[in-house]
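What follows is the content of target_26.csv, which has CSV, C-alpha atoms:
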chain,number,residue,atom,x,y,z
A,1246,GLU,CA,80.9,147.6,97.4
A,1247,ARG,CA,81.0,151.3,98.6
A,1248,THR,CA,84.4,151.6,100.2
A,1249,PRO,CA,85.5,155.1,101.5
A,1250,GLY,CA,88.2,155.2,98.8
A,1251,ALA,CA,85.7,154.4,96.0
A,1252,VAL,CA,83.3,157.1,97.3
A,1253,ALA,CA,86.1,159.6,97.6
A,1254,GLY,CA,87.3,158.8,94.0
A,1255,VAL,CA,83.8,159.2,92.6
A,1256,THR,CA,83.3,162.4,94.6
A,1257,GLU,CA,86.6,163.9,93.4
A,1258,GLY,CA,85.7,163.0,89.8
A,1259,LEU,CA,82.3,164.6,90.1
A,1260,VAL,CA,83.7,167.7,91.7
A,1261,GLY,CA,86.4,168.0,89.1
A,1262,LYS,CA,83.7,168.1,86.4
A,1263,LEU,CA,81.4,170.5,88.3
A,1264,VAL,CA,83.9,173.2,89.3
A,1265,PRO,CA,84.6,174.4,85.6
A,1266,LEU,CA,80.8,174.7,85.2
A,1267,LEU,CA,80.7,177.4,87.9
A,1268,SER,CA,81.6,179.9,85.2
A,1269,SER,CA,79.0,178.6,82.7
A,1270,LYS,CA,76.2,181.1,82.0
A,1271,ARG,CA,73.7,178.2,81.6
A,1272,LEU,CA,74.8,175.8,84.3
A,1273,ALA,CA,76.4,177.8,87.1
A,1274,VAL,CA,73.4,177.7,89.4
A,1275,GLU,CA,73.0,173.9,89.0
A,1276,ALA,CA,76.8,173.3,89.4
A,1277,SER,CA,76.9,175.4,92.6
A,1278,ALA,CA,73.8,173.6,94.0
A,1279,LEU,CA,75.4,170.2,93.2
A,1280,LEU,CA,78.8,171.2,94.8
A,1281,SER,CA,76.9,172.5,97.9
A,1282,ALA,CA,75.1,169.1,98.1
A,1283,VAL,CA,78.4,167.2,97.8
A,1284,SER,CA,80.0,169.5,100.4
A,1285,THR,CA,77.1,168.9,102.8
A,1286,GLN,CA,77.2,165.2,102.3
A,1287,HIS,CA,80.9,164.5,102.1
A,1288,GLY,CA,82.6,167.6,103.6
A,1289,THR,CA,84.4,170.5,102.0
A,1290,HIS,CA,87.7,168.7,101.9
A,1291,HIS,CA,86.6,167.0,98.6
A,1292,ILE,CA,85.7,170.3,97.0
A,1293,ILE,CA,88.4,172.8,98.1
A,1294,PRO,CA,91.4,171.5,96.0
A,1295,ASN,CA,89.3,171.7,92.8
A,1296,VAL,CA,88.0,175.2,93.7
A,1297,LEU,CA,91.5,176.4,94.5
A,1298,ARG,CA,92.6,175.2,91.1
A,1299,GLY,CA,89.7,177.1,89.6
A,1300,LEU,CA,91.1,180.3,91.3
A,1301,ASP,CA,94.2,179.8,89.1
A,1302,ASP,CA,92.2,179.7,85.9
A,1303,LYS,CA,93.3,182.0,83.1
A,1304,ALA,CA,89.8,183.1,82.5
A,1305,SER,CA,88.7,185.8,85.0
A,1306,GLY,CA,85.1,184.6,84.8
A,1307,ALA,CA,86.1,181.2,86.1
A,1308,ARG,CA,88.2,182.7,88.9
A,1309,HIS,CA,85.3,184.9,89.8
A,1310,ALA,CA,82.8,182.0,89.9
A,1311,CYS,CA,85.1,179.9,92.0
A,1312,LEU,CA,85.7,182.8,94.4
A,1313,VAL,CA,81.9,183.5,94.8
A,1314,PHE,CA,81.4,179.8,95.5
A,1315,LEU,CA,84.3,179.6,97.9
A,1316,THR,CA,83.5,182.8,100.0
A,1317,PRO,CA,80.7,181.2,102.2
A,1318,LEU,CA,83.1,178.3,102.9
A,1319,ILE,CA,85.9,180.5,104.2
A,1320,PRO,CA,84.9,180.2,107.8
A,1321,SER,CA,85.3,176.4,107.7
A,1322,LEU,CA,88.6,176.4,105.8
A,1323,SER,CA,91.6,174.9,107.4
A,1324,GLY,CA,94.5,177.3,108.0
A,1325,LYS,CA,96.4,175.6,105.2
A,1326,ASP,CA,93.5,176.2,102.7
A,1327,ALA,CA,93.1,179.8,103.9
A,1328,ARG,CA,96.8,180.4,103.2
A,1329,GLN,CA,96.4,178.9,99.7
A,1330,VAL,CA,93.5,181.3,99.0
A,1331,CYS,CA,95.6,184.2,100.3
A,1332,ALA,CA,98.5,183.2,98.1
A,1333,ARG,CA,96.2,183.8,95.1
A,1334,LEU,CA,95.3,187.4,96.1
A,1335,PRO,CA,97.4,189.2,93.5
A,1336,LEU,CA,95.8,187.2,90.7
A,1337,LEU,CA,92.3,187.6,92.1
A,1338,SER,CA,92.8,191.4,92.6
A,1339,SER,CA,93.8,191.9,89.0
A,1340,ASP,CA,90.2,191.4,87.7
A,1341,LYS,CA,88.9,194.8,86.8
A,1342,SER,CA,85.1,194.5,86.5
A,1343,GLU,CA,82.8,195.2,89.4
A,1344,GLY,CA,81.6,191.6,90.0
A,1345,PRO,CA,85.1,190.1,90.5
A,1346,ARG,CA,86.2,193.1,92.5
A,1347,ARG,CA,83.2,192.8,94.8
A,1348,ALA,CA,83.9,189.0,95.2
A,1349,PHE,CA,87.5,189.8,96.0
A,1350,VAL,CA,86.6,192.3,98.7
A,1351,ASP,CA,83.9,189.9,100.2
A,1352,ALA,CA,86.4,187.0,100.3
A,1353,CYS,CA,89.0,189.2,101.9
A,1354,ALA,CA,86.6,190.4,104.5
A,1355,SER,CA,85.7,186.8,105.4
A,1356,LEU,CA,89.4,185.9,105.5
A,1357,ARG,CA,90.1,188.8,107.8
A,1358,GLU,CA,87.3,187.8,110.1
A,1359,HIS,CA,88.1,184.1,110.2
A,1360,HIS,CA,91.7,183.8,109.1
A,1361,ALA,CA,93.2,187.2,109.8
A,1362,HIS,CA,96.7,186.0,110.4
A,1363,ALA,CA,96.8,184.2,107.0
A,1364,LEU,CA,95.4,187.3,105.2
A,1365,ILE,CA,97.8,189.8,106.9
A,1366,ASP,CA,100.8,187.4,106.4
A,1367,ALA,CA,100.0,187.0,102.7
A,1368,LEU,CA,99.5,190.7,102.1
A,1369,ALA,CA,102.6,191.6,104.1
A,1370,MET,CA,104.8,189.2,102.0
A,1371,LEU,CA,103.7,190.5,98.6
A,1372,PRO,CA,106.1,192.5,96.5
A,1373,PRO,CA,105.3,196.3,96.6
A,1374,GLN,CA,103.2,196.6,93.5
A,1375,PRO,CA,100.8,193.6,94.0
A,1376,GLN,CA,100.6,194.6,97.7
A,1377,GLN,CA,99.6,198.1,96.9
A,1378,GLN,CA,97.1,196.9,94.3
A,1379,CYS,CA,95.4,194.6,96.9
A,1380,ILE,CA,95.4,197.2,99.6
A,1381,ARG,CA,94.0,199.9,97.3
A,1382,LEU,CA,91.0,197.6,96.6
A,1383,LEU,CA,90.5,196.7,100.2
A,1384,SER,CA,91.3,199.8,102.2
A,1385,HIS,CA,87.9,201.4,101.9
A,1386,GLU,CA,86.0,198.3,102.8
A,1387,LEU,CA,88.4,196.8,105.4
A,1388,VAL,CA,89.2,199.8,107.6
A,1389,GLY,CA,92.5,199.4,109.5
A,1390,LEU,CA,93.9,196.8,107.2
A,1391,THR,CA,96.9,198.9,106.3
A,1392,GLN,CA,97.7,199.4,110.0
A,1393,ASP,CA,97.3,195.7,110.6
A,1394,ILE,CA,99.9,195.0,107.9
A,1395,ALA,CA,102.3,197.7,109.2
A,1396,ASN,CA,102.0,196.2,112.7
A,1397,HIS,CA,102.7,192.8,111.4
A,1398,LEU,CA,105.8,194.0,109.6
A,1399,SER,CA,107.1,195.9,112.6
A,1400,ASN,CA,106.7,192.9,114.8
A,1401,GLY,CA,108.8,190.8,112.4

Structure re-expressed in structure tokens:
Amino acid sequence: ERTPGAVAGVTEGLVGKLVPLLSSKRLAVEASALLSAVSTQHGTHHIIPNVLRGLDDKASGARHACLVFLTPLIPSLSGKDARQVCARLPLLSSDKSEGPRRAFVDACASLREHHAHALIDALAMLPPQPQQQCIRLLSHELVGLTQDIANHLSNG
């Protein structure tokens, strides 16, 4: 019998196996397509927790792959999930190569457009060094971000 709990359990198990494959050179396209299909069929709420865990991966390639997959989903994220992505900004901004940096900027641009308060809040609360690192990466692409953070801090 296909109870909602059984379907959710199978879906969670499948997603848990697919998310690590996003960083595979051979299987990334297939894993992304399957995750998109699961997302379309069952909703993003089954996928987001696993992708968020992927953003914490020690390997920058895995973080990058998860961020690339997540970015188109940012407009549909709940406020809570957007805040969880924003909480990972210092780690995500630490990747030095061009691909991960571009993915970071693209994700932040989408966060600013769709979840501006969560992004500004997260950046404003960072310690000085990680905050400066994030802002340095974003300031050319997201004009006015520094002013948004200053306004947020001055408003308490």

Review point. Using all atoms listed in the file, which residue out of A:Gly1306, A:Pro1375, A:Pro1265, A:Pro1320 lies closest to Arg1333 in chain A?
Key: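 Ranking A:Gly1306, A:Pro1375, A:Pro1265, A:Pro1320 by distance to Arg1333 in chain A, first place goes to A:Pro1375.
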
Taking all atoms listed in the file into account, produce a table as a Markdown table in which each residue of range 1274-1373 of chain A with an atom at most 10 Å from an atom of range 1385-1400 of chain A appears once, together with its shortest atom pair and the distance in Å to one decimal, ordered by chain and rising number.
| residue | atom | partner | partner_atom | distance |
| --- | --- | --- | --- | --- |
| A:Val1350 | CA | A:Glu1386 | CA | 7.3 |
| A:Asp1351 | CA | A:Glu1386 | CA | 9.0 |
| A:Cys1353 | CA | A:Leu1387 | CA | 8.4 |
| A:Ala1354 | CA | A:Leu1387 | CA | 6.7 |
| A:Arg1357 | CA | A:Leu1387 | CA | 8.5 |
| A:Ala1361 | CA | A:Asp1393 | CA | 9.5 |
| A:His1362 | CA | A:His1397 | CA | 9.1 |
| A:Leu1364 | CA | A:Ile1394 | CA | 9.3 |
| A:Ile1365 | CA | A:Ile1394 | CA | 5.7 |
| A:Asp1366 | CA | A:His1397 | CA | 7.6 |
| A:Ala1367 | CA | A:Ile1394 | CA | 9.5 |
| A:Leu1368 | CA | A:Ile1394 | CA | 7.2 |
| A:Ala1369 | CA | A:Ile1394 | CA | 5.8 |
| A:Met1370 | CA | A:Leu1398 | CA | 9.0 |

Practice item. Using CA of Val1260 in chain A and CA of Ser1342 in chain A as the two end points, give the distance in Å to one decimal. Key: 27.3 Å

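By all atoms listed in the file, and with residues fewer than 6 positions from Arg1308 in chain A along its chain excluded, the set lying at most 8 Å from it is Gly1299, Leu1300, Asp1301, Asp1302 and Leu1337 of chain A.
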
**Study point:** Selected residue, from A:Ile1380, A:Leu1267, A:Ala1273, A:Ala1278, that lies nearest to Pro1335 in chain A when counting all atoms listed in the file
**Key:**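 Of A:Ile1380, A:Leu1267, A:Ala1273, A:Ala1278, the one nearest Pro1335 in chain A, counting all atoms listed in the file, is A:Ile1380.
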
Point to revise | Exercise: range 1284-1293 of chain A partners within 12 Å, all atoms listed in the file, chain neighbours under 5 positions left out, as a ChimeraX atom specification | key: /A:1249-1250,1252-1264,1277-1279,1298-1300,1311-1312,1314-1323,1325-1327,1329-1330

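Between CA of Leu1266 in chain A and CA of His1309 in chain A there is a distance of 12.1 Å.
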
Practice item. Rank A:Arg1381, A:Arg1346, A:Arg1328, A:Lys1341 by their smallest atom-to-atom distance to His1360 in chain A, using all atoms listed in the file, and report the top residue only. Key: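 The closest residue to His1360 in chain A is A:Arg1328.
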
Point to revise | Pairwise distance for CA of Gln1376 in chain A and CA of Ser1338 in chain A, rounded to one decimal in Å | key: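 Calculated distance between CA of Gln1376 in chain A and CA of Ser1338 in chain A is 9.9 Å.
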